[in-house]
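With mmCIF, C-alpha atoms inside, this is entry_1.cif:
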data_coords
#
loop_
_atom_site.group_PDB
_atom_site.id
_atom_site.type_symbol
_atom_site.label_atom_id
_atom_site.label_comp_id
_atom_site.auth_asym_id
_atom_site.auth_seq_id
_atom_site.Cartn_x
_atom_site.Cartn_y
_atom_site.Cartn_z
ATOM 1 C CA MET A 1 -16.206 -103.317 46.395
ATOM 2 C CA SER A 2 -15.121 -99.679 46.359
ATOM 3 C CA LYS A 3 -16.900 -96.973 48.382
ATOM 4 C CA GLN A 4 -18.059 -93.805 46.656
ATOM 5 C CA ILE A 5 -19.045 -90.351 47.886
ATOM 6 C CA ALA A 6 -20.335 -87.953 45.230
ATOM 7 C CA ILE A 7 -20.324 -84.193 45.783
ATOM 8 C CA ASP A 8 -22.038 -81.946 43.254
ATOM 9 C CA GLY A 9 -22.798 -78.256 43.265
ATOM 10 C CA PRO A 10 -22.235 -74.923 41.538
ATOM 11 C CA ALA A 11 -18.915 -73.163 40.986
ATOM 12 C CA GLY A 12 -17.356 -71.675 44.106
ATOM 13 C CA ALA A 13 -19.366 -73.716 46.603
ATOM 14 C CA GLY A 14 -16.174 -75.154 48.090
ATOM 15 C CA LYS A 15 -16.555 -78.637 46.614
ATOM 16 C CA SER A 16 -12.851 -79.228 45.993
ATOM 17 C CA THR A 17 -11.768 -77.967 49.415
ATOM 18 C CA ILE A 18 -14.421 -80.013 51.198
ATOM 19 C CA ALA A 19 -13.915 -83.146 49.095
ATOM 20 C CA LYS A 20 -10.152 -83.004 49.568
ATOM 21 C CA LYS A 21 -10.378 -82.777 53.373
ATOM 22 C CA LEU A 22 -13.130 -85.386 53.542
ATOM 23 C CA ALA A 23 -11.085 -87.828 51.461
ATOM 24 C CA SER A 24 -8.069 -87.263 53.683
ATOM 25 C CA ASP A 25 -10.088 -87.850 56.863
ATOM 26 C CA LEU A 26 -11.584 -91.071 55.468
ATOM 27 C CA SER A 27 -8.365 -92.240 53.760
ATOM 28 C CA PHE A 28 -10.182 -92.190 50.413
ATOM 29 C CA VAL A 29 -8.794 -91.025 47.064
ATOM 30 C CA TYR A 30 -9.924 -87.533 46.061
ATOM 31 C CA VAL A 31 -10.953 -87.149 42.404
ATOM 32 C CA ASP A 32 -11.320 -83.559 41.192
ATOM 33 C CA THR A 33 -13.316 -83.924 37.970
ATOM 34 C CA GLY A 34 -13.363 -80.166 37.462
ATOM 35 C CA ALA A 35 -9.580 -80.266 37.103
ATOM 36 C CA MET A 36 -10.006 -82.664 34.202
ATOM 37 C CA TYR A 37 -12.340 -80.296 32.343
ATOM 38 C CA ARG A 38 -10.081 -77.372 33.159
ATOM 39 C CA SER A 39 -7.221 -79.314 31.552
ATOM 40 C CA ILE A 40 -9.205 -79.683 28.344
ATOM 41 C CA GLY A 41 -10.065 -75.973 28.463
ATOM 42 C CA LEU A 42 -6.385 -75.127 28.987
ATOM 43 C CA TYR A 43 -5.384 -77.316 26.049
ATOM 44 C CA MET A 44 -7.774 -75.424 23.767
ATOM 45 C CA LEU A 45 -6.543 -72.022 24.942
ATOM 46 C CA LYS A 46 -2.890 -73.021 24.546
ATOM 47 C CA ASN A 47 -3.467 -74.348 21.044
ATOM 48 C CA GLY A 48 -5.621 -71.511 19.770
ATOM 49 C CA ILE A 49 -8.758 -73.637 19.400
ATOM 50 C CA ASP A 50 -12.043 -71.700 19.422
ATOM 51 C CA ILE A 51 -13.787 -73.072 22.520
ATOM 52 C CA HIS A 52 -17.163 -72.176 21.014
ATOM 53 C CA ASP A 53 -16.515 -74.396 17.983
ATOM 54 C CA LYS A 54 -17.917 -77.751 19.153
ATOM 55 C CA ASP A 55 -16.490 -79.801 16.288
ATOM 56 C CA ALA A 56 -13.032 -78.258 16.601
ATOM 57 C CA VAL A 57 -12.956 -78.836 20.378
ATOM 58 C CA GLU A 58 -14.163 -82.431 20.136
ATOM 59 C CA SER A 59 -11.587 -83.182 17.459
ATOM 60 C CA ALA A 60 -8.722 -81.489 19.306
ATOM 61 C CA SER A 61 -9.645 -83.114 22.632
ATOM 62 C CA LYS A 62 -8.481 -86.450 21.223
ATOM 63 C CA ASN A 63 -4.946 -85.075 21.448
ATOM 64 C CA ALA A 64 -5.297 -83.983 25.076
ATOM 65 C CA ASP A 65 -4.174 -86.745 27.424
ATOM 66 C CA VAL A 66 -5.376 -85.999 30.965
ATOM 67 C CA GLU A 67 -4.077 -87.929 33.975
ATOM 68 C CA LEU A 68 -4.520 -87.645 37.712
ATOM 69 C CA LYS A 69 -1.507 -88.692 39.768
ATOM 70 C CA TYR A 70 -1.101 -88.726 43.520
ATOM 71 C CA ILE A 71 2.265 -87.684 44.918
ATOM 72 C CA ASP A 72 2.608 -87.821 48.709
ATOM 73 C CA GLY A 73 -1.173 -87.865 48.947
ATOM 74 C CA THR A 74 -1.595 -84.726 46.825
ATOM 75 C CA GLN A 75 -3.422 -84.789 43.502
ATOM 76 C CA HIS A 76 -1.461 -83.579 40.487
ATOM 77 C CA VAL A 77 -3.054 -82.987 37.106
ATOM 78 C CA LEU A 78 -1.026 -83.899 34.045
ATOM 79 C CA LEU A 79 -1.850 -82.677 30.547
ATOM 80 C CA ASN A 80 0.156 -84.576 27.952
ATOM 81 C CA ARG A 81 2.571 -85.426 30.789
ATOM 82 C CA ASP A 82 3.055 -81.796 31.859
ATOM 83 C CA ASP A 83 1.998 -80.894 35.413
ATOM 84 C CA VAL A 84 -0.646 -78.165 35.000
ATOM 85 C CA SER A 85 -2.038 -78.333 38.540
ATOM 86 C CA THR A 86 -1.465 -74.608 39.141
ATOM 87 C CA GLU A 87 -2.081 -73.337 35.618
ATOM 88 C CA ILE A 88 -5.603 -74.769 35.406
ATOM 89 C CA ARG A 89 -6.745 -72.622 38.337
ATOM 90 C CA GLU A 90 -6.587 -69.400 36.315
ATOM 91 C CA GLU A 91 -9.898 -67.577 35.864
ATOM 92 C CA GLN A 92 -9.944 -67.782 32.058
ATOM 93 C CA VAL A 93 -9.294 -71.524 32.194
ATOM 94 C CA GLY A 94 -12.305 -71.998 34.477
ATOM 95 C CA LYS A 95 -14.518 -70.163 31.991
ATOM 96 C CA ALA A 96 -13.156 -72.254 29.123
ATOM 97 C CA ALA A 97 -13.827 -75.426 31.117
ATOM 98 C CA SER A 98 -17.467 -74.423 31.595
ATOM 99 C CA THR A 99 -17.817 -74.134 27.817
ATOM 100 C CA VAL A 100 -15.970 -77.262 26.658
ATOM 101 C CA SER A 101 -17.671 -79.407 29.316
ATOM 102 C CA GLN A 102 -20.925 -79.003 27.376
ATOM 103 C CA TYR A 103 -19.649 -81.026 24.417
ATOM 104 C CA PRO A 104 -20.717 -84.720 24.326
ATOM 105 C CA GLU A 105 -17.405 -86.197 23.166
ATOM 106 C CA VAL A 106 -15.437 -84.358 25.838
ATOM 107 C CA ARG A 107 -17.829 -85.513 28.569
ATOM 108 C CA LYS A 108 -17.894 -89.084 27.252
ATOM 109 C CA ASN A 109 -14.113 -89.441 27.388
ATOM 110 C CA LEU A 110 -13.647 -87.892 30.833
ATOM 111 C CA THR A 111 -16.658 -89.658 32.355
ATOM 112 C CA ALA A 112 -15.170 -93.005 31.291
ATOM 113 C CA LEU A 113 -11.920 -92.107 33.047
ATOM 114 C CA GLN A 114 -13.773 -91.010 36.190
ATOM 115 C CA LYS A 115 -15.812 -94.214 36.352
ATOM 116 C CA LYS A 116 -12.658 -96.289 35.923
ATOM 117 C CA LEU A 117 -10.974 -94.523 38.861
ATOM 118 C CA ALA A 118 -14.003 -95.173 41.078
ATOM 119 C CA GLU A 119 -14.094 -98.897 40.256
ATOM 120 C CA THR A 120 -10.795 -99.666 41.949
ATOM 121 C CA GLU A 121 -10.466 -97.053 44.700
ATOM 122 C CA ASN A 122 -12.577 -95.703 47.547
ATOM 123 C CA VAL A 123 -13.259 -92.204 46.234
ATOM 124 C CA VAL A 124 -14.638 -88.812 47.087
ATOM 125 C CA MET A 125 -15.459 -87.292 43.724
ATOM 126 C CA ASP A 126 -16.729 -83.787 43.107
ATOM 127 C CA GLY A 127 -18.140 -82.084 40.051
ATOM 128 C CA ARG A 128 -21.424 -81.089 38.414
ATOM 129 C CA ASP A 129 -22.933 -84.441 37.434
ATOM 130 C CA ILE A 130 -21.274 -86.994 39.701
ATOM 131 C CA GLY A 131 -24.382 -88.154 41.559
ATOM 132 C CA THR A 132 -26.618 -87.953 38.493
ATOM 133 C CA CYS A 133 -24.371 -89.415 35.778
ATOM 134 C CA VAL A 134 -20.879 -90.520 36.789
ATOM 135 C CA LEU A 135 -21.618 -92.357 40.053
ATOM 136 C CA PRO A 136 -25.404 -92.875 40.108
ATOM 137 C CA ASN A 137 -25.037 -95.638 42.715
ATOM 138 C CA ALA A 138 -22.708 -93.747 45.070
ATOM 139 C CA ASP A 139 -22.975 -94.659 48.761
ATOM 140 C CA LEU A 140 -23.595 -91.001 49.628
ATOM 141 C CA LYS A 141 -24.540 -88.059 47.422
ATOM 142 C CA ILE A 142 -24.152 -84.454 48.522
ATOM 143 C CA TYR A 143 -25.365 -81.335 46.749
ATOM 144 C CA LEU A 144 -23.142 -78.587 48.153
ATOM 145 C CA THR A 145 -24.166 -75.004 47.513
ATOM 146 C CA ALA A 146 -23.926 -71.435 48.837
ATOM 147 C CA SER A 147 -25.371 -68.113 47.751
ATOM 148 C CA ALA A 148 -23.811 -66.419 44.706
ATOM 149 C CA GLU A 149 -22.806 -63.508 46.942
ATOM 150 C CA VAL A 150 -20.951 -65.771 49.388
ATOM 151 C CA ARG A 151 -19.273 -67.694 46.580
ATOM 152 C CA GLY A 152 -18.267 -64.449 44.888
ATOM 153 C CA LYS A 153 -16.749 -63.064 48.089
ATOM 154 C CA ARG A 154 -14.759 -66.264 48.592
ATOM 155 C CA ARG A 155 -13.353 -66.007 45.073
ATOM 156 C CA PHE A 156 -12.652 -62.303 45.530
ATOM 157 C CA ASP A 157 -10.701 -63.003 48.721
ATOM 158 C CA GLU A 158 -8.698 -65.751 46.982
ATOM 159 C CA LEU A 159 -7.664 -63.405 44.168
ATOM 160 C CA GLU A 160 -6.844 -60.571 46.561
ATOM 161 C CA ALA A 161 -4.675 -62.942 48.616
ATOM 162 C CA LYS A 162 -2.722 -63.746 45.451
ATOM 163 C CA GLY A 163 -2.182 -60.040 44.807
ATOM 164 C CA GLU A 164 -4.475 -60.056 41.784
ATOM 165 C CA LYS A 165 -6.894 -57.226 41.060
ATOM 166 C CA ALA A 166 -10.533 -58.240 41.385
ATOM 167 C CA ASP A 167 -13.953 -56.610 41.197
ATOM 168 C CA LEU A 168 -16.520 -58.232 43.487
ATOM 169 C CA PRO A 169 -19.702 -57.299 41.531
ATOM 170 C CA THR A 170 -18.142 -58.624 38.311
ATOM 171 C CA ILE A 171 -17.141 -61.882 39.995
ATOM 172 C CA ILE A 172 -20.653 -62.382 41.402
ATOM 173 C CA GLU A 173 -22.185 -61.699 37.990
ATOM 174 C CA ASP A 174 -19.780 -64.175 36.351
ATOM 175 C CA ILE A 175 -20.753 -66.822 38.919
ATOM 176 C CA LYS A 176 -24.464 -66.303 38.193
ATOM 177 C CA LYS A 177 -23.826 -66.618 34.451
ATOM 178 C CA ARG A 178 -21.801 -69.786 34.982
ATOM 179 C CA ASP A 179 -24.579 -71.247 37.158
ATOM 180 C CA GLU A 180 -27.066 -70.556 34.382
ATOM 181 C CA ALA A 181 -24.804 -72.158 31.768
ATOM 182 C CA ASP A 182 -24.130 -75.227 33.928
ATOM 183 C CA MET A 183 -27.794 -75.723 34.845
ATOM 184 C CA THR A 184 -29.213 -75.283 31.345
ATOM 185 C CA ARG A 185 -26.672 -77.122 29.211
ATOM 186 C CA GLU A 186 -28.100 -79.954 27.150
ATOM 187 C CA ILE A 187 -25.632 -82.638 28.237
ATOM 188 C CA SER A 188 -25.428 -83.585 31.944
ATOM 189 C CA PRO A 189 -26.703 -80.303 33.406
ATOM 190 C CA LEU A 190 -25.960 -79.365 36.993
ATOM 191 C CA LYS A 191 -28.806 -80.514 39.208
ATOM 192 C CA LYS A 192 -29.395 -82.129 42.565
ATOM 193 C CA ALA A 193 -29.799 -85.909 42.376
ATOM 194 C CA ASP A 194 -33.126 -87.084 43.810
ATOM 195 C CA ASP A 195 -31.349 -88.967 46.596
ATOM 196 C CA ALA A 196 -28.690 -86.319 47.330
ATOM 197 C CA VAL A 197 -28.529 -84.448 50.632
ATOM 198 C CA LEU A 198 -28.562 -80.661 50.258
ATOM 199 C CA VAL A 199 -25.830 -78.885 52.250
ATOM 200 C CA ASP A 200 -25.736 -75.067 52.157
ATOM 201 C CA SER A 201 -22.277 -73.891 53.215
ATOM 202 C CA SER A 202 -23.091 -70.146 53.162
ATOM 203 C CA ASP A 203 -22.833 -69.844 56.948
ATOM 204 C CA MET A 204 -20.649 -72.876 57.664
ATOM 205 C CA THR A 205 -16.913 -73.292 58.121
ATOM 206 C CA ILE A 206 -14.974 -75.912 56.171
ATOM 207 C CA ASP A 207 -14.684 -78.116 59.250
ATOM 208 C CA GLU A 208 -18.427 -77.833 59.924
ATOM 209 C CA VAL A 209 -19.264 -78.938 56.386
ATOM 210 C CA VAL A 210 -16.835 -81.869 56.516
ATOM 211 C CA SER A 211 -18.201 -82.924 59.901
ATOM 212 C CA LYS A 212 -21.751 -82.767 58.559
ATOM 213 C CA ILE A 213 -20.920 -84.975 55.574
ATOM 214 C CA LYS A 214 -19.008 -87.471 57.740
ATOM 215 C CA SER A 215 -22.022 -87.772 60.048
ATOM 216 C CA LEU A 216 -24.180 -88.575 57.021
ATOM 217 C CA TYR A 217 -21.747 -91.185 55.740
ATOM 218 C CA VAL A 218 -21.085 -93.100 58.954
#

If you took the structure in this file and wrote it as structure tokens, what would it be?
Amino acid sequence: MSKQIAIDGPAGAGKSTIAKKLASDLSFVYVDTGAMYRSIGLYMLKNGIDIHDKDAVESASKNADVELKYIDGTQHVLLNRDDVSTEIREEQVGKAASTVSQYPEVRKNLTALQKKLAETENVVMDGRDIGTCVLPNADLKIYLTASAEVRGKRRFDELEAKGEKADLPTIIEDIKKRDEADMTREISPLKKADDAVLVDSSDMTIDEVVSKIKSLYV
């Protein structure tokens, strides 16, 4: 039977970075569910679909084939067979993902794919509703968070490192708005599972967080 570690938490908490390293250390498969929703958001943006039109998004999503492939241990995200692993990390795509992830049909299709992956592989899966909806019986559930200010500064530093212009107050405000949207959406809102362990990474390094989670799992 496969082993499952679920990591949930708000945007910018470091879930992907932590989950990726944890999976590598444990020789598990890393499943980035956020990348799947970002792919759907990207598809809508590329095809001129109004992301606020629920019916249009749900209908168009049937034409968006999302796959996760692992090449030399690295996850690649394919959208209709095109590798969009880099493209989906753009700021506007993240905002689109937050919107389209609220729609029932989109969540239903991607949740089914996520569950299927976890049935056959030992996985570390991160997202917003992994411990509450996707993997309710996971061996370990983590709710990873950090203050909006810390998360905003991390994002600001990432953009600056890429040579992109960024405004820290705007980024922090966007993060707070996204938190509100994720926590109050009708379908699978972001929340800590009753049996999840809360880990606040505000004052922790990546290695410290990974070590903490490994100590909880062993």

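The residues returned by the PyMOL selection byres ((chain A and resi 81) around 8) on the shown structure are A:Asp65, A:Val66, A:Glu67, A:Leu78, A:Leu79, A:Asn80, A:Asp82, A:Asp83.
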
Apply the PyMOL selection byres ((chain A and resi 70) around 12) to the structure shown and report the selected residues as a PyMOL selection string. chain A and resi 28-32+67-69+71-78+83+85

Evaluate the PyMOL selection byres ((chain A and resi 61) around 9) and report residues as a ChimeraX atom specification: /A:40,43-44,56-60,62-65,105-106

Between atom CA of Ile187 of chain A and atom CA of Arg154 of chain A, what distance in Å does the model show, to one decimal? 28.3 Å

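The two atoms in question, atom CA of Leu159 of chain A and atom CA of Leu144 of chain A, are spaced 22.0 Å apart.
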
Within-12 Å shell of (-24.1, -90.9, 41.1) in input frame, only C-alpha atoms, as a PDB file with C-alpha atoms, in the frame of the given file:
ATOM      1  CA  LYS A   3     -16.900 -96.973  48.382  1.00  0.00           C
ATOM      2  CA  GLN A   4     -18.059 -93.805  46.656  1.00  0.00           C
ATOM      3  CA  ILE A   5     -19.045 -90.351  47.886  1.00  0.00           C
ATOM      4  CA  ALA A   6     -20.335 -87.953  45.230  1.00  0.00           C
ATOM      5  CA  ILE A   7     -20.324 -84.193  45.783  1.00  0.00           C
ATOM      6  CA  ASP A   8     -22.038 -81.946  43.254  1.00  0.00           C
ATOM      7  CA  THR A 111     -16.658 -89.658  32.355  1.00  0.00           C
ATOM      8  CA  GLN A 114     -13.773 -91.010  36.190  1.00  0.00           C
ATOM      9  CA  LYS A 115     -15.812 -94.214  36.352  1.00  0.00           C
ATOM     10  CA  ALA A 118     -14.003 -95.173  41.078  1.00  0.00           C
ATOM     11  CA  VAL A 124     -14.638 -88.812  47.087  1.00  0.00           C
ATOM     12  CA  MET A 125     -15.459 -87.292  43.724  1.00  0.00           C
ATOM     13  CA  ASP A 126     -16.729 -83.787  43.107  1.00  0.00           C
ATOM     14  CA  GLY A 127     -18.140 -82.084  40.051  1.00  0.00           C
ATOM     15  CA  ARG A 128     -21.424 -81.089  38.414  1.00  0.00           C
ATOM     16  CA  ASP A 129     -22.933 -84.441  37.434  1.00  0.00           C
ATOM     17  CA  ILE A 130     -21.274 -86.994  39.701  1.00  0.00           C
ATOM     18  CA  GLY A 131     -24.382 -88.154  41.559  1.00  0.00           C
ATOM     19  CA  THR A 132     -26.618 -87.953  38.493  1.00  0.00           C
ATOM     20  CA  CYS A 133     -24.371 -89.415  35.778  1.00  0.00           C
ATOM     21  CA  VAL A 134     -20.879 -90.520  36.789  1.00  0.00           C
ATOM     22  CA  LEU A 135     -21.618 -92.357  40.053  1.00  0.00           C
ATOM     23  CA  PRO A 136     -25.404 -92.875  40.108  1.00  0.00           C
ATOM     24  CA  ASN A 137     -25.037 -95.638  42.715  1.00  0.00           C
ATOM     25  CA  ALA A 138     -22.708 -93.747  45.070  1.00  0.00           C
ATOM     26  CA  ASP A 139     -22.975 -94.659  48.761  1.00  0.00           C
ATOM     27  CA  LEU A 140     -23.595 -91.001  49.628  1.00  0.00           C
ATOM     28  CA  LYS A 141     -24.540 -88.059  47.422  1.00  0.00           C
ATOM     29  CA  ILE A 142     -24.152 -84.454  48.522  1.00  0.00           C
ATOM     30  CA  TYR A 143     -25.365 -81.335  46.749  1.00  0.00           C
ATOM     31  CA  SER A 188     -25.428 -83.585  31.944  1.00  0.00           C
ATOM     32  CA  LYS A 191     -28.806 -80.514  39.208  1.00  0.00           C
ATOM     33  CA  LYS A 192     -29.395 -82.129  42.565  1.00  0.00           C
ATOM     34  CA  ALA A 193     -29.799 -85.909  42.376  1.00  0.00           C
ATOM     35  CA  ASP A 194     -33.126 -87.084  43.810  1.00  0.00           C
ATOM     36  CA  ASP A 195     -31.349 -88.967  46.596  1.00  0.00           C
ATOM     37  CA  ALA A 196     -28.690 -86.319  47.330  1.00  0.00           C
TER      38      ALA A 196
END

Using atom CA of Lys212 of chain A and atom CA of Ser27 of chain A as the two end points, give the distance in Å to one decimal. 17.1 Å

Find the residues with any atom within 12 Å of (-18.6, -56.3, 43.8); use all atoms listed in the file and the coordinates as given in the file, and write the answer as a PyMOL selection string. chain A and resi 148-157+166-175

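Proximity to Ile88 of chain A was assessed for A:Leu216, A:Glu121, A:Ser39, A:Ser147 counting all atoms listed in the file; the smallest distance is recorded for A:Ser39.
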
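You can rank A:Ile49, A:Leu42, A:Ala19, A:Ala11 by their closest distance to Ile206 of chain A using all atoms listed in the file, and at the top of that list sits A:Ala19.
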
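Using all atoms listed in the file, the nearest neighbour of Ala96 of chain A within the list A:Ala146, A:Ile18, A:Ile51, A:Ala35 is A:Ile51.
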